[in-house]
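**Q** Contents are mmCIF, C-alpha atoms; file name input.cif:
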data_model
loop_
_atom_site.label_atom_id
_atom_site.label_comp_id
_atom_site.auth_asym_id
_atom_site.auth_seq_id
_atom_site.Cartn_x
_atom_site.Cartn_y
_atom_site.Cartn_z
CA MET A 1 -24.27 14.81 21.37
CA ASP A 2 -21.57 15.36 23.96
CA GLN A 3 -22.05 15.26 27.73
CA HIS A 4 -23.22 18.91 27.71
CA GLY A 5 -25.88 18.32 25.07
CA ARG A 6 -23.86 19.89 22.25
CA LYS A 7 -24.02 18.33 18.80
CA VAL A 8 -20.71 16.80 17.74
CA ASN A 9 -19.96 16.64 14.02
CA PRO A 10 -18.19 13.47 12.91
CA PRO A 11 -14.59 14.14 11.86
CA PRO A 12 -12.90 12.73 8.77
CA SER A 13 -11.35 9.28 8.92
CA GLY A 14 -8.40 9.10 11.29
CA TYR A 15 -6.48 6.80 8.97
CA LYS A 16 -5.79 9.44 6.33
CA ASN A 17 -3.32 11.00 8.75
CA HIS A 18 -1.54 7.70 9.34
CA ARG A 19 -0.92 6.41 5.83
CA ARG A 20 2.06 7.15 3.61
CA ASN A 21 3.28 5.86 0.30
CA MET A 22 4.25 2.23 0.86
CA ASP A 23 6.93 2.20 -1.85
CA ASN A 24 8.80 5.32 -0.80
CA ASP A 25 8.29 5.66 2.95
CA THR A 26 7.80 2.27 4.57
CA LEU A 27 8.89 2.02 8.21
CA SER A 28 12.38 0.54 8.50
CA VAL A 29 13.81 -1.37 11.44
CA ASN A 30 16.27 0.57 13.56
CA PRO A 31 18.94 -1.81 14.88
CA LYS A 32 19.51 0.28 18.02
CA ARG A 33 16.32 -1.12 19.51
CA PHE A 34 17.73 -4.64 19.63
CA ARG A 35 20.15 -5.60 22.36
CA PRO A 36 22.45 -8.63 22.68
CA SER A 37 21.64 -11.07 25.45
CA HIS A 38 25.00 -11.13 27.19
CA SER A 39 24.68 -7.65 28.72
CA PRO A 40 21.82 -6.72 31.07
CA HIS A 41 23.19 -3.17 31.22
CA ARG A 42 24.35 -0.73 28.59
CA ALA A 43 25.80 -2.36 25.50
CA ASP A 44 26.78 -1.55 21.97
CA PRO A 45 23.72 -1.76 19.70
CA ALA A 46 23.34 -5.10 17.94
CA PRO A 47 22.08 -5.08 14.35
CA LEU A 48 18.95 -6.97 13.42
CA SER A 49 20.20 -10.25 12.03
CA SER A 50 18.78 -13.39 10.53
CA SER A 51 20.49 -15.19 13.39
CA ALA A 52 18.14 -15.36 16.38
CA SER A 53 21.06 -15.66 18.79
CA SER A 54 22.26 -12.13 18.02
CA CYS A 55 18.92 -10.47 18.96
CA ARG A 56 17.97 -11.52 22.47
CA ALA A 57 16.14 -8.43 23.74
CA LEU A 58 14.06 -5.50 22.55
CA SER A 59 14.11 -2.13 24.29
CA THR A 60 10.82 -0.44 25.23
CA ARG A 61 12.29 3.03 25.87
CA ARG A 62 9.82 5.56 24.49
CA GLN A 63 12.35 7.91 22.92
CA LEU A 64 13.54 5.17 20.56
CA TYR A 65 10.13 5.09 18.89
CA GLU A 66 9.55 8.81 18.44
CA LYS A 67 9.71 8.89 14.67
CA PRO A 68 7.19 9.26 11.84
CA PHE A 69 3.97 7.29 12.13
CA PRO A 70 4.32 3.91 10.38
CA VAL A 71 2.14 2.97 7.45
CA TYR A 72 -1.10 1.47 8.76
CA LYS A 73 -3.63 0.50 6.14
CA GLN A 74 -7.33 1.09 6.67
CA PRO A 75 -8.58 -2.11 8.38
CA VAL A 76 -10.96 -4.21 6.28
CA GLU A 77 -13.49 -6.55 7.84
CA VAL A 78 -13.12 -10.00 6.26
CA GLY A 79 -15.65 -11.75 8.48
CA SER A 80 -17.23 -12.04 11.90
CA PHE A 81 -18.40 -14.66 14.36
CA SER A 82 -20.62 -15.02 17.42
CA LEU A 83 -20.35 -16.72 20.80
CA ASP A 84 -23.63 -17.65 22.47
CA SER A 85 -24.71 -17.80 26.12
CA GLU A 86 -22.77 -21.06 26.55
CA ARG A 87 -19.70 -19.73 24.72
CA ARG A 88 -20.38 -21.84 21.62
CA PHE A 89 -18.93 -20.63 18.32
CA PHE A 90 -21.11 -19.66 15.34
CA ASN A 91 -19.73 -18.48 12.01
CA ASP A 92 -22.30 -15.67 11.72
CA ALA A 93 -23.44 -12.36 13.19
CA ARG A 94 -26.30 -13.58 15.39
CA GLN A 95 -24.93 -11.78 18.46
CA ILE A 96 -24.62 -8.33 16.86
CA ARG A 97 -26.38 -5.58 18.81
CA TYR A 98 -27.63 -2.18 17.68
CA PHE A 99 -26.80 1.14 19.29
CA VAL A 100 -29.61 3.29 20.69
CA GLU A 101 -28.81 6.91 21.54
CA PRO A 102 -28.94 7.60 25.29
CA PRO A 103 -31.21 10.35 26.64
CA SER A 104 -29.60 13.72 27.36
CA ARG A 105 -30.03 13.00 31.07
CA PRO A 106 -29.55 9.26 31.44
CA ASP A 107 -31.05 7.49 34.41
CA PHE A 108 -28.84 4.41 34.32
CA ASN A 109 -28.23 2.44 37.52
CA LEU A 110 -25.23 0.25 36.75
CA ARG A 111 -25.65 -1.78 39.95
CA ASP A 112 -29.06 -3.05 38.89
CA GLY A 113 -29.14 -6.81 38.28
CA TYR A 114 -25.69 -7.59 39.67
CA LYS A 115 -27.06 -9.89 42.39
CA ASP A 116 -29.83 -11.63 40.50
CA ARG A 117 -29.49 -11.18 36.70
CA PHE A 118 -25.79 -11.73 35.99
CA VAL A 119 -24.18 -14.77 34.36
CA LYS A 120 -20.40 -14.37 34.48
CA ARG A 121 -18.06 -16.07 32.06
CA ASP A 122 -15.66 -18.55 33.67
CA ASP A 123 -12.31 -16.72 33.53
CA SER A 124 -10.43 -19.85 34.58
CA ILE A 125 -11.04 -21.37 31.13
CA LYS A 126 -8.21 -20.15 28.91
CA GLU A 127 -9.53 -20.05 25.36
CA LYS A 128 -6.24 -18.91 23.81
CA LEU A 129 -6.78 -18.37 20.06
CA ASP A 130 -9.37 -21.14 19.71
CA HIS A 131 -12.30 -19.03 18.49
CA ILE A 132 -10.21 -17.22 15.88
CA LEU A 133 -8.84 -20.59 14.74
CA ARG A 134 -12.37 -21.93 14.36
CA TRP A 135 -13.23 -18.93 12.22
CA ILE A 136 -10.13 -19.49 10.06
CA LEU A 137 -11.02 -23.15 9.46
CA ALA A 138 -14.62 -22.22 8.65
CA ASN A 139 -13.38 -19.68 6.11
CA LYS A 140 -10.22 -21.47 4.99
CA SER A 141 -11.12 -21.82 1.33
CA LYS A 142 -12.03 -18.13 1.09
CA LEU A 143 -8.78 -17.05 2.72
CA GLU A 144 -6.59 -19.35 0.66
CA SER A 145 -8.26 -18.45 -2.62
CA ARG A 146 -7.19 -14.85 -2.09
CA VAL A 147 -3.52 -15.83 -2.11
CA ALA A 148 -3.57 -18.81 -4.48
CA ALA A 149 -1.81 -16.82 -7.18
CA ALA A 150 1.02 -15.74 -4.86
CA SER A 151 2.98 -18.96 -4.32
CA SER A 152 5.51 -17.22 -2.08
CA SER A 153 2.83 -16.04 0.37
CA PRO A 154 1.94 -17.93 3.58
CA ALA A 155 -0.99 -20.32 3.31
CA LEU A 156 -3.32 -17.71 4.83
CA GLY A 157 -1.74 -14.76 3.05
CA VAL A 158 -1.02 -13.03 6.39
CA ASP A 159 2.06 -12.75 8.58
CA VAL A 160 0.40 -12.56 12.01
CA VAL A 161 -2.79 -13.97 13.56
CA THR A 162 -3.83 -12.83 17.03
CA TRP A 163 -6.48 -11.14 19.17
CA ARG A 164 -6.95 -7.38 19.03
CA GLY A 165 -6.43 -7.29 22.82
CA HIS A 166 -2.90 -8.68 22.46
CA LEU A 167 -2.00 -5.94 19.99
CA THR A 168 -3.54 -3.37 22.33
CA LYS A 169 -1.14 -4.48 25.05
CA LEU A 170 1.76 -4.04 22.67
CA LEU A 171 0.65 -0.53 21.71
CA THR A 172 0.44 0.57 25.35
CA THR A 173 3.67 -1.14 26.49
CA PRO A 174 5.98 1.93 26.23
CA TYR A 175 3.70 3.74 28.71
CA GLU A 176 2.70 0.86 30.99
CA THR A 177 4.18 1.06 34.49
CA ARG A 178 2.31 -1.62 36.44
CA GLU A 179 1.43 -4.76 34.47
CA GLY A 180 3.79 -6.98 32.50
CA TRP A 181 2.83 -9.59 29.94
CA LEU A 182 3.73 -12.93 28.38
CA LEU A 183 3.10 -13.63 24.70
CA ALA A 184 3.55 -17.07 23.19
CA ALA A 185 4.56 -17.15 19.52
CA THR A 186 4.40 -20.09 17.11
CA LEU A 187 5.23 -20.14 13.40
CA PHE A 188 2.97 -22.49 11.46
CA ARG A 189 2.76 -22.74 7.66
CA GLY A 190 4.45 -19.38 7.29
CA THR A 191 2.12 -17.46 9.62
CA LEU A 192 3.05 -16.27 13.11
CA TYR A 193 0.43 -16.90 15.80
CA LEU A 194 0.53 -14.82 19.00
CA SER A 195 -1.35 -15.92 22.12
CA GLU A 196 -1.24 -14.37 25.58
CA VAL A 197 -0.15 -16.42 28.60
CA GLU A 198 -1.40 -15.41 32.02
CA THR A 199 1.36 -14.02 34.24
CA GLU A 200 1.69 -15.04 37.87
CA ALA A 201 0.97 -11.45 38.93
CA SER A 202 -2.21 -11.38 36.85
CA ARG A 203 -3.34 -14.69 38.33
CA ARG A 204 -2.85 -13.35 41.85
CA ASP A 205 -4.71 -10.15 41.04
CA THR A 206 -7.66 -12.15 39.71
CA GLU A 207 -7.77 -14.35 42.79
CA ASN A 208 -7.59 -11.37 45.15
CA ARG A 209 -10.25 -9.16 43.56
CA THR A 210 -12.55 -7.60 46.11
CA GLU A 211 -16.32 -7.83 45.85
CA ARG A 212 -16.37 -4.11 45.06
CA HIS A 213 -13.94 -4.64 42.17
CA GLN A 214 -16.01 -7.52 40.84
CA GLU A 215 -19.15 -5.39 40.88
CA MET A 216 -17.46 -2.46 39.16
CA MET A 217 -16.37 -4.78 36.35
CA TYR A 218 -20.05 -5.64 35.90
CA TRP A 219 -20.94 -1.96 35.51
CA GLY A 220 -19.39 -1.78 32.05
CA TYR A 221 -21.53 -4.68 30.80
CA LYS A 222 -24.62 -3.15 32.38
CA PHE A 223 -23.97 0.15 30.60
CA GLU A 224 -23.97 -1.75 27.30
CA GLN A 225 -27.35 -3.24 28.18
CA TYR A 226 -28.86 0.24 28.54
CA LEU A 227 -27.67 1.29 25.06
CA CYS A 228 -27.99 -1.88 22.95
CA ALA A 229 -30.97 -3.47 21.23
CA GLU A 230 -31.09 -6.97 19.80
CA ASP A 231 -32.48 -5.92 16.41
CA MET A 232 -32.83 -2.85 14.24
CA LYS A 233 -36.25 -1.78 15.51
CA ALA A 234 -36.15 -2.96 19.12
CA SER A 235 -35.41 -1.00 22.29
CA PRO A 236 -32.83 -1.87 24.93
CA ASP A 237 -33.98 -4.24 27.67
CA PRO A 238 -32.20 -3.25 30.90
CA GLY A 239 -34.39 -5.69 32.82
CA GLY A 240 -32.82 -8.68 31.08
CA VAL A 241 -29.92 -10.91 32.09
CA VAL A 242 -26.34 -9.76 31.57
CA ASN A 243 -24.42 -12.80 30.26
CA THR A 244 -20.73 -12.15 29.59
CA ASN A 245 -20.36 -15.41 27.68
CA GLU A 246 -22.13 -13.81 24.73
CA ALA A 247 -20.05 -11.91 22.20
CA PHE A 248 -19.95 -10.66 18.63
CA CYS A 249 -16.46 -10.46 17.14
CA THR A 250 -15.20 -8.78 14.00
CA VAL A 251 -12.30 -10.26 12.04
CA VAL A 252 -10.20 -7.66 10.27
CA GLN A 253 -7.22 -7.66 7.97
CA THR A 254 -4.75 -4.80 7.69
CA LYS A 255 -1.07 -4.05 7.27
CA LEU A 256 1.34 -2.36 9.68
CA ALA A 257 4.44 -1.41 7.65
CA ASP A 258 5.38 -4.78 6.08
CA HIS A 259 3.42 -6.92 8.58
CA LYS A 260 0.16 -8.34 7.19
CA LEU A 261 -2.18 -8.76 10.16
CA LEU A 262 -5.33 -10.82 10.70
CA PHE A 263 -6.92 -10.28 14.10
CA SER A 264 -10.26 -10.43 15.85
CA GLY A 265 -11.83 -8.35 18.58
CA GLU A 266 -15.15 -8.15 20.36
CA VAL A 267 -17.52 -5.42 19.18
CA ASP A 268 -20.08 -3.84 21.53
CA CYS A 269 -22.62 -2.71 18.93
CA ARG A 270 -23.17 -1.13 15.54
CA ASP A 271 -24.93 1.99 14.29
CA ARG A 272 -28.42 1.18 13.09
CA GLY A 273 -28.97 4.34 11.08
CA PRO A 274 -30.08 3.92 7.45
CA LYS A 275 -26.96 5.71 6.22
CA SER A 276 -24.47 3.96 8.49
CA PRO A 277 -21.20 3.00 6.77
CA ALA A 278 -19.98 -0.52 6.17
CA ALA A 279 -18.11 -2.42 8.89
CA PRO A 280 -15.88 -1.72 10.70
CA ALA A 281 -16.74 2.01 10.40
CA CYS A 282 -20.29 1.35 11.67
CA TYR A 283 -19.11 -0.15 14.96
CA ILE A 284 -19.25 1.70 18.27
CA GLU A 285 -17.29 1.01 21.44
CA LEU A 286 -19.07 1.56 24.78
CA LYS A 287 -17.09 2.51 27.86
CA THR A 288 -17.64 3.69 31.44
CA SER A 289 -15.43 5.87 33.60
CA ALA A 290 -15.63 7.81 36.84
CA GLU A 291 -17.19 11.26 36.45
CA ILE A 292 -14.68 14.05 35.92
CA CYS A 293 -14.98 16.91 38.40
CA THR A 294 -11.51 18.51 38.49
CA PRO A 295 -8.78 19.48 35.99
CA LYS A 296 -6.52 16.84 37.56
CA GLN A 297 -9.11 14.14 36.95
CA ARG A 298 -9.51 15.32 33.35
CA SER A 299 -5.73 15.17 32.88
CA ASN A 300 -5.54 11.64 34.31
CA PHE A 301 -8.39 10.59 32.04
CA HIS A 302 -6.48 11.87 29.01
CA ARG A 303 -3.14 10.40 30.08
CA PHE A 304 -4.19 6.92 31.15
CA LYS A 305 -7.69 5.86 30.18
CA LEU A 306 -7.73 7.42 26.72
CA LEU A 307 -4.51 5.61 25.84
CA LYS A 308 -6.13 2.18 26.16
CA TRP A 309 -9.41 3.34 24.64
CA TRP A 310 -7.62 4.78 21.62
CA ALA A 311 -5.45 1.69 21.07
CA GLN A 312 -8.37 -0.70 21.35
CA SER A 313 -10.52 1.16 18.81
CA PHE A 314 -7.89 2.48 16.41
CA LEU A 315 -6.52 -0.98 15.61
CA PRO A 316 -9.75 -2.45 14.09
CA GLY A 317 -10.96 0.86 12.65
CA VAL A 318 -13.79 1.54 15.11
CA PRO A 319 -14.36 5.30 14.71
CA ARG A 320 -16.09 6.33 17.93
CA ILE A 321 -16.60 5.61 21.59
CA VAL A 322 -19.68 6.45 23.63
CA ALA A 323 -18.56 6.92 27.22
CA GLY A 324 -20.78 6.88 30.28
CA PHE A 325 -19.48 8.84 33.26
CA ARG A 326 -20.72 7.48 36.58
CA ASP A 327 -20.61 8.44 40.22
CA PRO A 328 -19.18 6.20 43.00
CA ASP A 329 -22.59 4.55 43.44
CA GLY A 330 -22.76 3.39 39.83
CA LEU A 331 -25.24 6.00 38.59
CA VAL A 332 -24.49 7.41 35.13
CA VAL A 333 -24.44 11.20 35.32
CA GLY A 334 -23.70 11.91 31.65
CA THR A 335 -22.50 10.51 28.36
CA GLU A 336 -20.03 11.78 25.78
CA THR A 337 -19.15 10.72 22.25
CA ILE A 338 -15.41 10.56 21.62
CA HIS A 339 -14.18 10.29 18.04
CA ILE A 340 -10.97 8.28 17.73
CA SER A 341 -9.54 10.69 15.17
CA GLN A 342 -9.87 13.55 17.68
CA ILE A 343 -8.11 11.89 20.62
CA SER A 344 -4.67 13.10 19.54
CA HIS A 345 -6.03 16.67 19.72
CA LEU A 346 -7.54 16.07 23.17
CA ILE A 347 -4.17 15.04 24.63
CA LYS A 348 -1.86 17.45 22.79
CA ASN A 349 -1.73 19.98 25.65
CA GLU A 350 -0.97 17.37 28.32
CA TYR A 351 2.61 17.54 29.57
CA ASN A 352 4.73 14.48 28.73
CA CYS A 353 1.67 12.60 27.52
CA TRP A 354 1.54 9.41 25.46
CA LYS A 355 2.05 9.60 21.70
CA PRO A 356 0.24 7.44 19.13
CA THR A 357 3.37 7.29 16.97
CA VAL A 358 5.39 5.74 19.83
CA CYS A 359 2.68 3.12 20.37
CA MET A 360 2.47 2.08 16.74
CA ASN A 361 6.22 2.14 16.12
CA PHE A 362 6.87 -0.08 19.14
CA CYS A 363 4.22 -2.58 18.03
CA CYS A 364 5.71 -2.61 14.54
CA GLU A 365 9.23 -3.24 15.76
CA PHE A 366 8.09 -5.87 18.25
CA LEU A 367 6.56 -7.79 15.33
CA SER A 368 9.81 -7.38 13.38
CA PHE A 369 11.74 -8.65 16.39
CA VAL A 370 9.49 -11.71 16.77
CA ARG A 371 9.58 -12.54 13.08
CA THR A 372 13.38 -12.35 13.16
CA VAL A 373 13.65 -14.60 16.20
CA VAL A 374 10.99 -17.22 15.41
CA ARG A 375 12.35 -19.24 12.48
CA GLU A 376 11.32 -22.84 13.04
CA ASP A 377 7.96 -23.56 11.43
CA SER A 378 6.33 -25.99 13.83
CA PRO A 379 3.25 -26.00 16.11
CA ARG A 380 5.39 -27.89 18.65
CA VAL A 381 7.78 -24.95 19.17
CA VAL A 382 6.82 -21.89 21.22
CA HIS A 383 8.90 -18.77 21.77
CA LEU A 384 7.67 -17.15 24.98
CA PHE A 385 8.19 -13.37 24.95
CA SER A 386 8.25 -11.75 28.36
CA TRP A 387 8.09 -8.14 29.47
CA ASP A 388 7.91 -6.33 32.82
CA PRO A 389 7.65 -2.55 33.25
CA HIS A 390 10.94 -0.66 32.81
CA GLN A 391 12.59 -3.77 31.34
CA ASP A 392 13.45 -5.04 27.86
CA VAL A 393 11.39 -7.65 26.06
CA THR A 394 13.17 -11.01 26.28
CA TYR A 395 12.25 -14.55 25.27
CA THR A 396 12.74 -18.24 25.98
CA VAL A 397 12.22 -21.22 23.66
CA HIS A 398 10.03 -24.23 24.52
CA ARG A 399 9.46 -27.45 22.59
CA ASP A 400 6.54 -29.85 23.25
CA SER A 401 5.67 -27.88 26.39
CA SER A 402 2.50 -26.72 28.14
CA TYR A 403 2.90 -23.42 26.28
CA CYS A 404 1.89 -25.01 22.96
CA PHE A 405 -1.43 -23.44 21.98
CA LEU A 406 -2.29 -24.52 18.42
CA PRO A 407 -4.69 -27.46 19.00
CA PRO A 408 -4.40 -30.69 16.99
CA TRP A 409 -7.79 -30.10 15.33
CA TYR A 410 -6.48 -26.84 13.88
CA VAL A 411 -3.13 -28.25 12.77
CA GLU A 412 -4.86 -31.17 11.08
CA GLY A 413 -7.53 -28.93 9.56
CA MET A 414 -4.98 -26.59 8.06
CA GLY A 415 -2.98 -29.51 6.70
CA SER A 416 -5.88 -30.96 4.76
CA PRO A 417 -6.04 -30.50 0.96
CA HIS A 418 -7.40 -27.20 -0.32
#
Before we go any further, please render this structure as structure tokens.

**A**
Amino acid sequence: MDQHGRKVNPPPSGYKNHRRNMDNDTLSVNPKRFRPSHSPHRADPAPLSSSASSCRALSTRRQLYEKPFPVYKQPVEVGSFSLDSERRFFNDARQIRYFVEPPSRPDFNLRDGYKDRFVKRDDSIKEKLDHILRWILANKSKLESRVAAASSSPALGVDVVTWRGHLTKLLTTPYETREGWLLAATLFRGTLYLSEVETEASRRDTENRTERHQEMMYWGYKFEQYLCAEDMKASPDPGGVVNTNEAFCTVVQTKLADHKLLFSGEVDCRDRGPKSPAAPACYIELKTSAEICTPKQRSNFHRFKLLKWWAQSFLPGVPRIVAGFRDPDGLVVGTETIHISQISHLIKNEYNCWKPTVCMNFCCEFLSFVRTVVREDSPRVVHLFSWDPHQDVTYTVHRDSSYCFLPPWYVEGMGSPH
């Protein structure tokens, strides 16, 4: 049902429109996107080279990435894990929740429980890739057995390991105008690991959040509580405690052009219908947004919010979002189901709007850029990639520094005999 009570028919898979023959039409790297380091202004294009010194920057100009959609294989879930109320890792699905359809006229008060039933995760603890690394070690034999026959493949059989959220930031970069990012990259046993580093601007923003901002961040978690049950036959318990330490995460494997990706992302809930498809197609993302009352507000919703919602769900193959639209007092006035495969149609009439092809092509070429630059295979070496709005992506190299993020227990665990 949409926000007006109309029945919405599920569309076909959005990935059929974004896959082409890998042998004949694989995305190629355009050397004009890479710039030499010696010129901060306009310069002759530098070709992509095996020499890192000749490729010091990557342009983020949108028009450079307006070309056919790159090959993106249907994501396949290869595992999952859970984090409990104390943020402890479990190699199972104990934290999965089940979606319960909201009433046609929801009576959800998102402010309820903020003062007395809210346990907030400690954001000062930087977990880096630790939980994904724990999952990899717990499933190491399964991963390595899949590539045992291919001696030329990396130990894990993938080119890149990261969080879904890091890839989401890459997808939205060509359209981001306010927030920059830092991504640390380390090559270890043939696989590139990408981990976000907090920027100084982000740290200041976190420290200076108002009480109102803090409460509005809680509203999204509270909305989930109204729509999620702990087991197949239970009902939601909005009177319970909201604990943001708890999480269920999917681990998916896919391929973007010639980049084999393994990444993890938190999942809000899954469909509990008897005919629900296998993961990740059964997963549902839950979101909140301000109610839309004017055409201008609808346009802004399409241009800005839907960009991040699309990127976050498209990457792991989550097919739909259930959005709750709320008033300034945190009362949900309606809900709407948004199918990821239909978002491109929703935005097509917006002037100068974002384009999915630009997002995916930039992400693809960023990965090509990083894999060209990062050559030394060592957990002690970090290439720190930096980007600010309206600038190129640049990088610096650090050895045995505070930027190192692969912990000794992971390095030792991966070095043990098969």

**Q** Excluding same-chain residues fewer than 2 positions from range 284-301 of chain A, what lies within 10 Å of it counting all atoms listed in the file, as a VMD selection string?

**A** chain A and resid 98 to 99 110 216 to 217 219 to 224 227 to 228 266 to 271 280 to 282 303 to 307 309 312 to 313 318 to 328 330 to 339 346 to 347 349 to 351 353

**Q** Tell me which protein, DNA and RNA residues are within 8 Å of Val161 in chain A, counting all atoms listed in the file, leaving out same-chain ones fewer than 4 positions away, and put them as a list in words.

**A**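 Contacts, with the query itself left out: Thr191, Leu192, Tyr193, Leu194, Leu261, Leu262 and Phe263 of chain A.
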
**Q** For Val251 in chain A, which residue out of A:His398, A:Arg189, A:Arg212, A:His131 is the nearest one, using only C-alpha atoms?

**A** A:His131

**Q** With all atoms listed in the file as the atoms that count, which of A:Asn245, A:Glu211, A:Asp107, A:Gln225 lies nearest to Asp122 in chain A?

**A**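 Smallest separation from Asp122 in chain A among the options: A:Asn245.
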
**Q** If the PyMOL selection byres ((chain A and resi 256) around 9) is run on the structure shown, which residues does it catch, given as an MDAnalysis selection string?

**A** chainID A and resid 27 70:73 254:255 257:261 360 363:364

**Q** Between A:Tyr218, A:Trp387, A:Phe89, A:Phe314, which has the minimum distance to Pro174 in chain A (counting all atoms listed in the file)?

**A**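 Smallest separation from Pro174 in chain A among the options: A:Trp387.
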
**Q** From the options A:Trp181, A:Phe362, A:Tyr226, A:Phe81, which residue's atoms come nearest to Phe385 in chain A, counting only C-alpha atoms?

**A** A:Trp181

**Q** Please, what distance in Å, to one decimal, runs between CA of Asp130 in chain A and CA of Thr162 in chain A?

**A** 10.3 Å

**Q** Find, counting only C-alpha atoms, the residue in A:Thr168, A:Arg209, A:Pro238, A:Ala138 that gets nearest to Arg117 in chain A.

**A**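 For Arg117 in chain A, the nearest of the candidates is A:Pro238.
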